[in-house]
$ cat entry-v4.pdb   # PDB, C-alpha atoms
MODEL        1
ATOM      1  CA  LEU T   1      22.145  16.193 -26.501
ATOM      2  CA  MET T   2      20.128  13.041 -25.756
ATOM      3  CA  TRP T   3      23.171  10.839 -26.438
ATOM      4  CA  VAL T   4      25.362  12.970 -24.161
ATOM      5  CA  THR T   5      22.758  12.824 -21.385
ATOM      6  CA  LEU T   6      22.523   9.042 -21.720
ATOM      7  CA  GLN T   7      26.296   8.668 -21.487
ATOM      8  CA  ILE T   8      26.406  10.844 -18.373
ATOM      9  CA  VAL T   9      23.732   8.632 -16.800
ATOM     10  CA  SER T  10      25.703   5.535 -17.872
ATOM     11  CA  LEU T  11      28.860   6.816 -16.193
ATOM     12  CA  CYS T  12      26.870   7.691 -13.065
ATOM     13  CA  LEU T  13      25.501   4.135 -13.025
ATOM     14  CA  VAL T  14      29.052   2.846 -13.098
ATOM     15  CA  GLY T  15      29.810   5.258 -10.254
ATOM     16  CA  THR T  16      27.038   3.805  -8.082
ATOM     17  CA  SER T  17      28.012   0.239  -8.994
ATOM     18  CA  GLY T  18      31.709   0.805  -8.379
ATOM     19  CA  SER T  19      31.117   2.563  -5.065
ATOM     20  CA  SER T  20      28.809  -0.219  -3.860
ATOM     21  CA  ALA T  21      31.251  -2.932  -4.923
ATOM     22  CA  LEU T  22      34.167  -1.221  -3.184
ATOM     23  CA  LEU T  23      32.107  -0.687  -0.023
ATOM     24  CA  ALA T  24      31.099  -4.366  -0.039
ATOM     25  CA  ARG T  25      34.766  -5.358  -0.225
ATOM     26  CA  ARG T  26      35.390  -3.256   2.878
ATOM     27  CA  GLY T  27      32.773  -5.236   4.819
ATOM     28  CA  TRP T  28      29.911  -2.764   4.278
ATOM     29  CA  THR T  29      26.480  -4.261   5.069
ATOM     30  CA  MET T  30      24.202  -1.195   5.097
ATOM     31  CA  PRO T  31      22.504  -0.924   1.687
ATOM     32  CA  MET T  32      19.408   0.788   3.084
ATOM     33  CA  LEU T  33      21.510   3.584   4.572
ATOM     34  CA  GLN T  34      22.823   4.333   1.086
ATOM     35  CA  SER T  35      19.272   4.597  -0.245
ATOM     36  CA  PHE T  36      18.024   6.650   2.695
ATOM     37  CA  LEU T  37      20.733   9.298   2.304
ATOM     38  CA  THR T  38      20.026   9.548  -1.432
ATOM     39  CA  TYR T  39      16.267   9.941  -1.002
ATOM     40  CA  LEU T  40      16.791  12.436   1.809
ATOM     41  CA  CYS T  41      18.940  14.603  -0.485
ATOM     42  CA  ILE T  42      16.381  14.319  -3.283
ATOM     43  CA  GLY T  43      13.486  15.186  -0.980
ATOM     44  CA  VAL T  44      15.189  18.165   0.634
ATOM     45  CA  PHE T  45      16.569  19.595  -2.611
ATOM     46  CA  TYR T  46      13.489  19.250  -4.809
ATOM     47  CA  SER T  47      11.013  20.178  -2.081
ATOM     48  CA  GLY T  48      13.039  23.329  -1.534
ATOM     49  CA  LEU T  49      13.166  23.945  -5.272
ATOM     50  CA  VAL T  50       9.402  23.558  -5.644
ATOM     51  CA  LEU T  51       8.790  25.900  -2.712
ATOM     52  CA  TYR T  52      11.282  28.407  -4.114
ATOM     53  CA  ARG T  53       9.393  28.384  -7.407
ATOM     54  CA  GLY T  54       6.241  29.306  -5.497
ATOM     55  CA  GLN T  55       4.551  25.896  -5.634
ATOM     56  CA  ASP T  56       3.364  23.622  -2.846
ATOM     57  CA  ALA T  57       5.710  20.654  -2.504
ATOM     58  CA  SER T  58       3.085  18.723  -0.562
ATOM     59  CA  GLY T  59       0.547  18.913  -3.364
ATOM     60  CA  ILE T  60       1.432  17.783  -6.837
ATOM     61  CA  ARG T  61      -1.060  18.997  -9.393
ATOM     62  CA  GLY T  62      -2.799  16.669 -11.762
ATOM     63  CA  GLY T  63      -3.879  14.363  -8.944
ATOM     64  CA  VAL T  64      -0.562  12.792  -8.014
ATOM     65  CA  MET T  65      -0.231  13.886  -4.386
ATOM     66  CA  THR T  66      -3.205  16.076  -3.648
ATOM     67  CA  SER T  67      -5.575  15.362  -0.798
ATOM     68  CA  GLY T  68      -8.333  14.675  -3.268
ATOM     69  CA  MET T  69      -6.557  12.174  -5.472
ATOM     70  CA  ASP T  70      -8.283   8.890  -6.130
ATOM     71  CA  ALA T  71      -7.230   5.489  -4.858
ATOM     72  CA  ARG T  72      -5.694   4.533  -8.192
ATOM     73  CA  MET T  73      -3.242   7.444  -8.162
ATOM     74  CA  ILE T  74      -2.342   6.765  -4.545
ATOM     75  CA  GLY T  75      -1.555   3.189  -5.546
ATOM     76  CA  VAL T  76       0.540   4.306  -8.519
ATOM     77  CA  PHE T  77       2.634   6.680  -6.430
ATOM     78  CA  LEU T  78       3.112   4.217  -3.582
ATOM     79  CA  ALA T  79       4.117   1.521  -6.063
ATOM     80  CA  PHE T  80       6.657   3.960  -7.499
ATOM     81  CA  ALA T  81       8.176   4.812  -4.102
ATOM     82  CA  ILE T  82       8.177   1.287  -2.667
ATOM     83  CA  SER T  83       9.512  -0.392  -5.821
ATOM     84  CA  ASP T  84      12.265   2.192  -6.125
ATOM     85  CA  VAL T  85      13.336   1.860  -2.480
ATOM     86  CA  GLU T  86      13.426  -1.933  -2.573
ATOM     87  CA  ALA T  87      15.172  -2.000  -5.970
ATOM     88  CA  ASN T  88      18.026   0.136  -4.657
ATOM     89  CA  PHE T  89      18.208  -1.937  -1.464
ATOM     90  CA  THR T  90      18.257  -5.261  -3.324
ATOM     91  CA  ILE T  91      20.820  -4.257  -5.950
ATOM     92  CA  VAL T  92      23.257  -2.989  -3.298
ATOM     93  CA  LYS T  93      22.668  -6.149  -1.245
ATOM     94  CA  ALA T  94      23.597  -8.247  -4.284
ATOM     95  CA  TYR T  95      27.146  -6.881  -4.212
ATOM     96  CA  GLN T  96      27.713  -8.768  -0.950
ATOM     97  CA  PHE T  97      27.336 -12.076  -2.818
ATOM     98  CA  THR T  98      28.397 -11.585  -6.440
ATOM     99  CA  ASN T  99      30.702  -9.316  -8.431
ATOM    100  CA  LEU T 100      30.298  -6.076 -10.357
ATOM    101  CA  THR T 101      30.310  -7.696 -13.794
ATOM    102  CA  SER T 102      27.500 -10.126 -12.982
ATOM    103  CA  VAL T 103      25.342  -7.434 -11.374
ATOM    104  CA  THR T 104      25.819  -5.058 -14.293
ATOM    105  CA  LEU T 105      24.901  -7.578 -16.980
ATOM    106  CA  LEU T 106      22.061  -9.234 -15.069
ATOM    107  CA  ASP T 107      20.553  -5.830 -14.368
ATOM    108  CA  CYS T 108      19.699  -5.794 -18.091
ATOM    109  CA  PHE T 109      16.755  -8.028 -17.152
ATOM    110  CA  THR T 110      15.002  -4.716 -16.539
ATOM    111  CA  ILE T 111      14.505  -4.452 -20.314
ATOM    112  CA  PRO T 112      12.121  -7.383 -20.921
ATOM    113  CA  CYS T 113      10.291  -6.433 -17.727
ATOM    114  CA  VAL T 114       9.829  -2.862 -18.970
ATOM    115  CA  VAL T 115       8.624  -4.145 -22.342
ATOM    116  CA  CYS T 116       5.959  -6.310 -20.707
ATOM    117  CA  LEU T 117       4.831  -3.595 -18.298
ATOM    118  CA  SER T 118       4.747  -0.958 -21.059
ATOM    119  CA  ALA T 119       2.536  -3.188 -23.177
ATOM    120  CA  VAL T 120       0.153  -3.966 -20.323
ATOM    121  CA  PHE T 121      -0.090  -0.613 -18.546
ATOM    122  CA  LEU T 122       1.012   2.035 -21.084
ATOM    123  CA  GLY T 123      -0.484   0.494 -24.204
ATOM    124  CA  ALA T 124       2.793   0.093 -26.123
ATOM    125  CA  ARG T 125       2.529  -2.090 -29.245
ATOM    126  CA  TYR T 126       5.538  -4.255 -30.090
ATOM    127  CA  THR T 127       6.264  -6.238 -33.257
ATOM    128  CA  TRP T 128       7.894  -9.656 -33.580
ATOM    129  CA  VAL T 129      11.189  -7.896 -34.339
ATOM    130  CA  HIS T 130      11.052  -6.146 -30.975
ATOM    131  CA  GLY T 131      10.326  -9.527 -29.390
ATOM    132  CA  ALA T 132      13.257 -11.167 -31.164
ATOM    133  CA  GLY T 133      15.574  -8.460 -29.900
ATOM    134  CA  VAL T 134      14.415  -8.897 -26.315
ATOM    135  CA  VAL T 135      14.712 -12.707 -26.517
ATOM    136  CA  THR T 136      18.272 -12.427 -27.857
ATOM    137  CA  ALA T 137      19.256 -10.084 -25.032
ATOM    138  CA  VAL T 138      17.680 -12.362 -22.422
ATOM    139  CA  ALA T 139      19.566 -15.354 -23.894
ATOM    140  CA  GLY T 140      22.775 -13.546 -23.032
ATOM    141  CA  LEU T 141      21.592 -13.125 -19.455
ATOM    142  CA  ILE T 142      20.736 -16.824 -19.176
ATOM    143  CA  LEU T 143      24.272 -17.682 -20.266
ATOM    144  CA  LEU T 144      25.670 -15.423 -17.563
ATOM    145  CA  VAL T 145      23.536 -17.049 -14.843
ATOM    146  CA  TYR T 146      24.698 -20.475 -16.060
ATOM    147  CA  THR T 147      28.333 -19.369 -15.804
ATOM    148  CA  ASP T 148      27.856 -18.135 -12.252
ATOM    149  CA  LEU T 149      26.045 -21.348 -11.323
ATOM    150  CA  LYS T 150      28.959 -23.425 -12.573
ATOM    151  CA  ALA T 151      31.401 -21.158 -10.753
ATOM    152  CA  ALA T 152      29.463 -21.747  -7.538
ATOM    153  CA  GLU T 153      29.678 -25.504  -8.089
ATOM    154  CA  GLY T 154      33.431 -25.256  -8.599
ATOM    155  CA  GLU T 155      33.342 -26.462 -12.226
ATOM    156  CA  VAL T 156      34.890 -23.225 -13.464
ATOM    157  CA  PRO T 157      36.981 -20.765 -11.454
ATOM    158  CA  PRO T 158      34.887 -17.951  -9.994
ATOM    159  CA  PRO T 159      35.502 -14.460 -11.470
ATOM    160  CA  SER T 160      36.382 -13.054  -8.038
ATOM    161  CA  PRO T 161      37.535 -14.580  -4.764
ATOM    162  CA  GLY T 162      35.151 -15.398  -1.962
ATOM    163  CA  ASN T 163      31.427 -16.043  -1.564
ATOM    164  CA  GLY T 164      31.419 -19.327  -3.553
ATOM    165  CA  GLY T 165      27.876 -20.700  -3.710
ATOM    166  CA  LYS T 166      26.438 -17.358  -2.653
ATOM    167  CA  ARG T 167      27.143 -16.069  -6.165
ATOM    168  CA  VAL T 168      23.830 -17.509  -7.362
ATOM    169  CA  LEU T 169      22.015 -15.743  -4.509
ATOM    170  CA  GLY T 170      23.606 -12.510  -5.720
ATOM    171  CA  ASP T 171      22.315 -13.228  -9.233
ATOM    172  CA  VAL T 172      18.791 -13.831  -7.932
ATOM    173  CA  LEU T 173      18.861 -10.593  -5.925
ATOM    174  CA  THR T 174      19.982  -8.716  -9.033
ATOM    175  CA  LEU T 175      17.101 -10.148 -11.085
ATOM    176  CA  VAL T 176      14.644  -9.147  -8.349
ATOM    177  CA  ALA T 177      16.119  -5.644  -8.338
ATOM    178  CA  ALA T 178      15.879  -5.447 -12.132
ATOM    179  CA  THR T 179      12.185  -6.320 -11.969
ATOM    180  CA  LEU T 180      11.571  -3.674  -9.309
ATOM    181  CA  TYR T 181      13.484  -1.094 -11.356
ATOM    182  CA  ALA T 182      11.193  -1.867 -14.293
ATOM    183  CA  VAL T 183       8.127  -1.172 -12.137
ATOM    184  CA  SER T 184       9.735   2.043 -10.902
ATOM    185  CA  ASN T 185      10.608   3.194 -14.424
ATOM    186  CA  ILE T 186       7.073   2.619 -15.694
ATOM    187  CA  MET T 187       5.557   4.431 -12.721
ATOM    188  CA  GLN T 188       7.961   7.345 -13.179
ATOM    189  CA  GLU T 189       7.224   7.558 -16.900
ATOM    190  CA  HIS T 190       3.510   7.716 -16.108
ATOM    191  CA  LEU T 191       3.871  10.314 -13.344
ATOM    192  CA  THR T 192       6.216  12.618 -15.255
ATOM    193  CA  GLY T 193       3.777  12.492 -18.140
ATOM    194  CA  ILE T 194       0.988  14.068 -16.074
ATOM    195  CA  ASP T 195       2.864  16.603 -13.942
ATOM    196  CA  ASP T 196       6.095  18.508 -13.405
ATOM    197  CA  TRP T 197       9.062  16.179 -12.904
ATOM    198  CA  ARG T 198      10.465  18.313 -10.075
ATOM    199  CA  LYS T 199       7.323  17.839  -8.019
ATOM    200  CA  VAL T 200       7.332  14.110  -8.733
ATOM    201  CA  LEU T 201      10.923  13.871  -7.467
ATOM    202  CA  ALA T 202      10.037  15.972  -4.412
ATOM    203  CA  GLY T 203       7.214  13.562  -3.584
ATOM    204  CA  LEU T 204       9.418  10.527  -4.233
ATOM    205  CA  GLY T 205      12.173  11.887  -2.001
ATOM    206  CA  ILE T 206       9.780  12.556   0.880
ATOM    207  CA  ALA T 207       7.933   9.222   0.647
ATOM    208  CA  ALA T 208      10.973   7.069  -0.099
ATOM    209  CA  SER T 209      13.136   8.635   2.614
ATOM    210  CA  GLY T 210      10.399   7.771   5.117
ATOM    211  CA  ILE T 211      10.161   4.168   3.898
ATOM    212  CA  SER T 212      13.920   3.628   3.671
ATOM    213  CA  GLY T 213      14.516   5.462   6.957
ATOM    214  CA  LEU T 214      12.250   3.079   8.852
ATOM    215  CA  GLN T 215      13.858   0.038   7.221
ATOM    216  CA  CYS T 216      17.290   1.438   7.967
ATOM    217  CA  LEU T 217      16.359   1.940  11.624
ATOM    218  CA  PHE T 218      15.026  -1.593  12.090
ATOM    219  CA  LEU T 219      17.497  -3.507   9.892
ATOM    220  CA  GLU T 220      20.772  -1.636  10.103
ATOM    221  CA  TYR T 221      20.865   0.284  13.407
ATOM    222  CA  ASP T 222      23.462  -2.008  15.005
ATOM    223  CA  SER T 223      25.584  -2.078  11.851
ATOM    224  CA  ILE T 224      25.644   1.726  11.694
ATOM    225  CA  ALA T 225      26.439   2.071  15.402
ATOM    226  CA  PHE T 226      29.330  -0.412  15.446
ATOM    227  CA  TYR T 227      30.778   0.015  11.959
ATOM    228  CA  PRO T 228      34.461   1.135  11.970
ATOM    229  CA  TRP T 229      33.919   4.293   9.920
ATOM    230  CA  SER T 230      36.809   5.748   7.942
ATOM    231  CA  PHE T 231      37.397   8.588   5.508
ATOM    232  CA  VAL T 232      37.407   6.131   2.589
ATOM    233  CA  ASP T 233      33.978   4.809   3.605
ATOM    234  CA  LEU T 234      32.566   8.339   3.740
ATOM    235  CA  LEU T 235      34.130   9.156   0.372
ATOM    236  CA  LEU T 236      32.644   6.063  -1.289
ATOM    237  CA  LEU T 237      29.265   6.686   0.341
ATOM    238  CA  SER T 238      29.284  10.315  -0.828
ATOM    239  CA  SER T 239      30.219   9.179  -4.342
ATOM    240  CA  TYR T 240      27.295   6.755  -4.398
ATOM    241  CA  VAL T 241      24.805   9.389  -3.228
ATOM    242  CA  ALA T 242      26.090  12.034  -5.659
ATOM    243  CA  CYS T 243      25.966   9.694  -8.656
ATOM    244  CA  LEU T 244      22.495   8.381  -7.822
ATOM    245  CA  PHE T 245      21.212  11.914  -7.220
ATOM    246  CA  ALA T 246      22.460  12.865 -10.694
ATOM    247  CA  ILE T 247      20.712   9.828 -12.201
ATOM    248  CA  TYR T 248      17.386  10.758 -10.608
ATOM    249  CA  THR T 249      17.768  14.283 -11.946
ATOM    250  CA  LEU T 250      18.588  13.287 -15.533
ATOM    251  CA  VAL T 251      16.296  10.275 -16.045
ATOM    252  CA  PRO T 252      13.040  12.316 -16.115
ATOM    253  CA  GLN T 253      14.453  14.397 -18.986
ATOM    254  CA  ILE T 254      14.957  11.211 -21.008
ATOM    255  CA  LEU T 255      11.572   9.734 -20.088
ATOM    256  CA  MET T 256       9.782  12.898 -21.235
ATOM    257  CA  LEU T 257      11.423  12.650 -24.665
ATOM    258  CA  SER T 258      11.250   8.878 -25.158
ATOM    259  CA  GLY T 259      10.160   6.150 -22.767
ATOM    260  CA  ALA T 260      11.282   3.592 -20.196
ATOM    261  CA  THR T 261      12.126   0.939 -22.804
ATOM    262  CA  PHE T 262      14.344   3.297 -24.817
ATOM    263  CA  LEU T 263      16.021   4.454 -21.604
ATOM    264  CA  ASN T 264      16.965   0.971 -20.423
ATOM    265  CA  LEU T 265      18.079  -0.212 -23.840
ATOM    266  CA  SER T 266      20.288   2.818 -24.404
ATOM    267  CA  LEU T 267      21.894   2.604 -20.974
ATOM    268  CA  LEU T 268      23.451  -0.759 -21.832
ATOM    269  CA  THR T 269      26.588   1.199 -22.738
ATOM    270  CA  SER T 270      27.152   1.398 -18.976
ATOM    271  CA  ASP T 271      27.887  -2.347 -19.064
ATOM    272  CA  PHE T 272      31.077  -1.745 -21.021
ATOM    273  CA  TRP T 273      32.309   0.849 -18.550
ATOM    274  CA  ALA T 274      31.343  -1.327 -15.584
ATOM    275  CA  VAL T 275      33.221  -4.371 -16.915
ATOM    276  CA  LEU T 276      36.240  -2.157 -17.600
ATOM    277  CA  PHE T 277      36.029  -0.827 -14.027
ATOM    278  CA  GLY T 278      35.700  -4.335 -12.624
ATOM    279  CA  VAL T 279      38.729  -5.632 -14.508
ATOM    280  CA  THR T 280      41.041  -2.650 -13.988
ATOM    281  CA  VAL T 281      40.085  -1.376 -10.505
ATOM    282  CA  LEU T 282      38.543  -4.381  -8.729
ATOM    283  CA  LYS T 283      40.903  -6.870 -10.445
ATOM    284  CA  GLU T 284      38.053  -9.232 -11.317
ATOM    285  CA  THR T 285      38.761 -12.103 -13.683
ATOM    286  CA  VAL T 286      36.243 -12.226 -16.528
ATOM    287  CA  GLN T 287      35.308 -15.552 -18.119
ATOM    288  CA  TRP T 288      34.979 -15.735 -21.903
ATOM    289  CA  THR T 289      31.247 -16.360 -21.498
ATOM    290  CA  TYR T 290      30.861 -12.804 -20.166
ATOM    291  CA  PHE T 291      31.901 -11.450 -23.551
ATOM    292  CA  VAL T 292      29.498 -13.812 -25.340
ATOM    293  CA  SER T 293      26.734 -12.713 -22.973
ATOM    294  CA  PHE T 294      27.453  -9.051 -23.608
ATOM    295  CA  ALA T 295      27.617  -9.612 -27.396
ATOM    296  CA  ALA T 296      24.227 -11.336 -27.309
ATOM    297  CA  THR T 297      22.791  -8.478 -25.284
ATOM    298  CA  VAL T 298      24.122  -5.872 -27.722
ATOM    299  CA  ALA T 299      22.837  -7.908 -30.681
ATOM    300  CA  GLY T 300      19.402  -7.953 -29.078
ATOM    301  CA  ILE T 301      19.472  -4.167 -28.748
ATOM    302  CA  VAL T 302      20.457  -3.725 -32.389
ATOM    303  CA  ILE T 303      17.599  -6.008 -33.483
ATOM    304  CA  TYR T 304      15.156  -4.116 -31.287
ATOM    305  CA  HIS T 305      16.208  -0.677 -32.548
ATOM    306  CA  SER T 306      16.096  -1.811 -36.199
ATOM    307  CA  LYS T 307      12.312  -1.629 -35.987
ATOM    308  CA  GLY T 308      12.192   1.690 -34.163
ATOM    309  CA  GLU T 309      10.252   2.607 -31.038
ATOM    310  CA  PRO T 310       6.752   1.056 -30.729
TER     311      PRO T 310
ENDMDL
END

$ encode --input "entry-v4.pdb" --output "structure tokens"
Amino acid sequence: LMWVTLQIVSLCLVGTSGSSALLARRGWTMPMLQSFLTYLCIGVFYSGLVLYRGQDASGIRGGVMTSGMDARMIGVFLAFAISDVEANFTIVKAYQFTNLTSVTLLDCFTIPCVVCLSAVFLGARYTWVHGAGVVTAVAGLILLVYTDLKAAEGEVPPPSPGNGGKRVLGDVLTLVAATLYAVSNIMQEHLTGIDDWRKVLAGLGIAASGISGLQCLFLEYDSIAFYPWSFVDLLLLSSYVACLFAIYTLVPQILMLSGATFLNLSLLTSDFWAVLFGVTVLKETVQWTYFVSFAATVAGIVIYHSKGEP
């Protein structure tokens, strides 16, 4: 059941990536609107669910969102909401500068970030084998960044037309997003460990929709007002929101049974589906170094899992 759930999440990740990439190709420049609609759906649905179950959606037990919670818990929850909002914004923004394949593979940088944060804040204990696995995976990511850098300089043909030197900016944005996702994952693992996951999602939806709504208003108002909307745009936007909503619903189930590190390592199967989508649907040309990068990443995961969870 865990493997099936992970594969569903992987396919949903490809759904969000593919939708964002296709929107970017249509001239879409409103990443915060995508996040706002997702958080709004999460907040409305899970707040309603919590209220239906006879609980107060504005007060999460265990000290997460109650009026009497201490400053530390307020900081944890705000870090969760803010990091999650900005991670989704940054990763969607990256699609305006680089391609689906690069974003998907570079997003694996979340793994070493999660390992470090788990060790510091959750007390996880890793062995040198775990470290070797992470280093091997990161080596694959470094190779990918090098390939994109050379493509930007014109020394090798870029995997997709357009954007030239901006490809490296897209890579940097993806790495920033991966770091923020790691913070979000660790915060979510901590919060779901002390209270009901439905109430945590209700709180996230309410807080994050407020944060993303304000950013959307100030950063994207003109783009929303003057964008030439079409049925295809609405379909892609709805696909993105539906897939991301499903991810937010399923991830807490995995975190309660394992942890953030296991989650991010296991979701690397989404890379295969994303590359396949990029080649077949988006008609992206993949350099041979992409396959080497992916092989190194997979090898790192195998090494890591050979020692078991810390």

$ closest_atom_pairs --input "entry-v4.pdb" --of "stretch 9-61 of chain T" --to "stretch 209-233 of chain T" --cutoff "8 Å" --atoms "all atoms listed in the file" --output "JSON lines"
{"residue": "T:Leu23", "atom": "CA", "partner": "T:Asp233", "partner_atom": "CA", "distance": 6.8}
{"residue": "T:Thr29", "atom": "CA", "partner": "T:Ser223", "partner_atom": "CA", "distance": 7.2}
{"residue": "T:Met30", "atom": "CA", "partner": "T:Glu220", "partner_atom": "CA", "distance": 6.1}
{"residue": "T:Met32", "atom": "CA", "partner": "T:Cys216", "partner_atom": "CA", "distance": 5.4}
{"residue": "T:Leu33", "atom": "CA", "partner": "T:Cys216", "partner_atom": "CA", "distance": 5.8}
{"residue": "T:Ser35", "atom": "CA", "partner": "T:Ser212", "partner_atom": "CA", "distance": 6.7}
{"residue": "T:Phe36", "atom": "CA", "partner": "T:Ser212", "partner_atom": "CA", "distance": 5.2}
{"residue": "T:Leu37", "atom": "CA", "partner": "T:Ser209", "partner_atom": "CA", "distance": 7.6}
{"residue": "T:Tyr39", "atom": "CA", "partner": "T:Ser209", "partner_atom": "CA", "distance": 5.0}
{"residue": "T:Leu40", "atom": "CA", "partner": "T:Ser209", "partner_atom": "CA", "distance": 5.3}
{"residue": "T:Gly43", "atom": "CA", "partner": "T:Ser209", "partner_atom": "CA", "distance": 7.5}

$ closest_residue --input "entry-v4.pdb" --among "T:Val134, T:Val50, T:Leu191, T:Val168" --to "T:Tyr146" --atoms "all atoms listed in the file"
T:Val168

$ closest_residue --input "entry-v4.pdb" --among "T:Ile186, T:Val241, T:Ala94, T:Ala132" --to "T:Ala119" --atoms "all atoms listed in the file"
T:Ile186

$ atom_distance --input "entry-v4.pdb" --atom1 "atom CA of T:Ser184" --atom2 "atom CA of T:Tyr248"
11.6 Å

$ residues_around --input "entry-v4.pdb" --residues "stretch 121-126 of chain T" --least-positions-apart "2" --cutoff "12 Å" --atoms "only C-alpha atoms" --output "MDAnalysis selection string"
chainID T and resid 76 112:119 128:134 183 185:191 193 259:261 304:305 307:310

$ atom_distance --input "entry-v4.pdb" --atom1 "atom CA of T:Val251" --atom2 "atom CA of T:Ile8"
10.4 Å

$ closest_residue --input "entry-v4.pdb" --among "T:Phe77, T:Tyr240, T:Tyr52, T:Tyr95" --to "T:Asp171" --atoms "all atoms listed in the file"
T:Tyr95

$ resolve_selection --input "entry-v4.pdb" --expression "the PyMOL selection byres ((chain T and resi 199) around 8)" --output "list in words"
Tyr46, Ser47, Val50, Ala57, Ile60, Asp195, Asp196, Trp197, Arg198, Val200, Leu201, Ala202 and Gly203 of chain T

$ atom_distance --input "entry-v4.pdb" --atom1 "atom CA of T:Thr98" --atom2 "atom CA of T:Leu267"
21.3 Å

$ resolve_selection --input "entry-v4.pdb" --expression "the PyMOL selection byres ((chain T and resi 174-181) around 7)" --output "VMD selection string"
chain T and resid 83 to 84 87 90 to 91 94 103 106 to 107 109 to 110 113 170 to 173 182 to 185

$ write_last_selection --input "entry-v4.pdb" --atoms "C-alpha atoms" --output "CSV table (one decimal), in the frame of the given file"
chain,number,residue,atom,x,y,z
T,83,SER,CA,9.5,-0.4,-5.8
T,84,ASP,CA,12.3,2.2,-6.1
T,87,ALA,CA,15.2,-2.0,-6.0
T,90,THR,CA,18.3,-5.3,-3.3
T,91,ILE,CA,20.8,-4.3,-6.0
T,94,ALA,CA,23.6,-8.2,-4.3
T,103,VAL,CA,25.3,-7.4,-11.4
T,106,LEU,CA,22.1,-9.2,-15.1
T,107,ASP,CA,20.6,-5.8,-14.4
T,109,PHE,CA,16.8,-8.0,-17.2
T,110,THR,CA,15.0,-4.7,-16.5
T,113,CYS,CA,10.3,-6.4,-17.7
T,170,GLY,CA,23.6,-12.5,-5.7
T,171,ASP,CA,22.3,-13.2,-9.2
T,172,VAL,CA,18.8,-13.8,-7.9
T,173,LEU,CA,18.9,-10.6,-5.9
T,182,ALA,CA,11.2,-1.9,-14.3
T,183,VAL,CA,8.1,-1.2,-12.1
T,184,SER,CA,9.7,2.0,-10.9
T,185,ASN,CA,10.6,3.2,-14.4

$ resolve_selection --input "entry-v4.pdb" --expression "the PyMOL selection byres ((chain T and resi 297) around 8)" --output "ChimeraX atom specification"
/T:136-141,293-296,298-301

$ closest_residue --input "entry-v4.pdb" --among "T:Thr38, T:Arg25, T:Gly48, T:Thr192" --to "T:Gln253" --atoms "only C-alpha atoms"
T:Thr192

$ closest_residue --input "entry-v4.pdb" --among "T:Val292, T:Val302, T:Leu255, T:Val279" --to "T:Thr5" --atoms "only C-alpha atoms"
T:Leu255
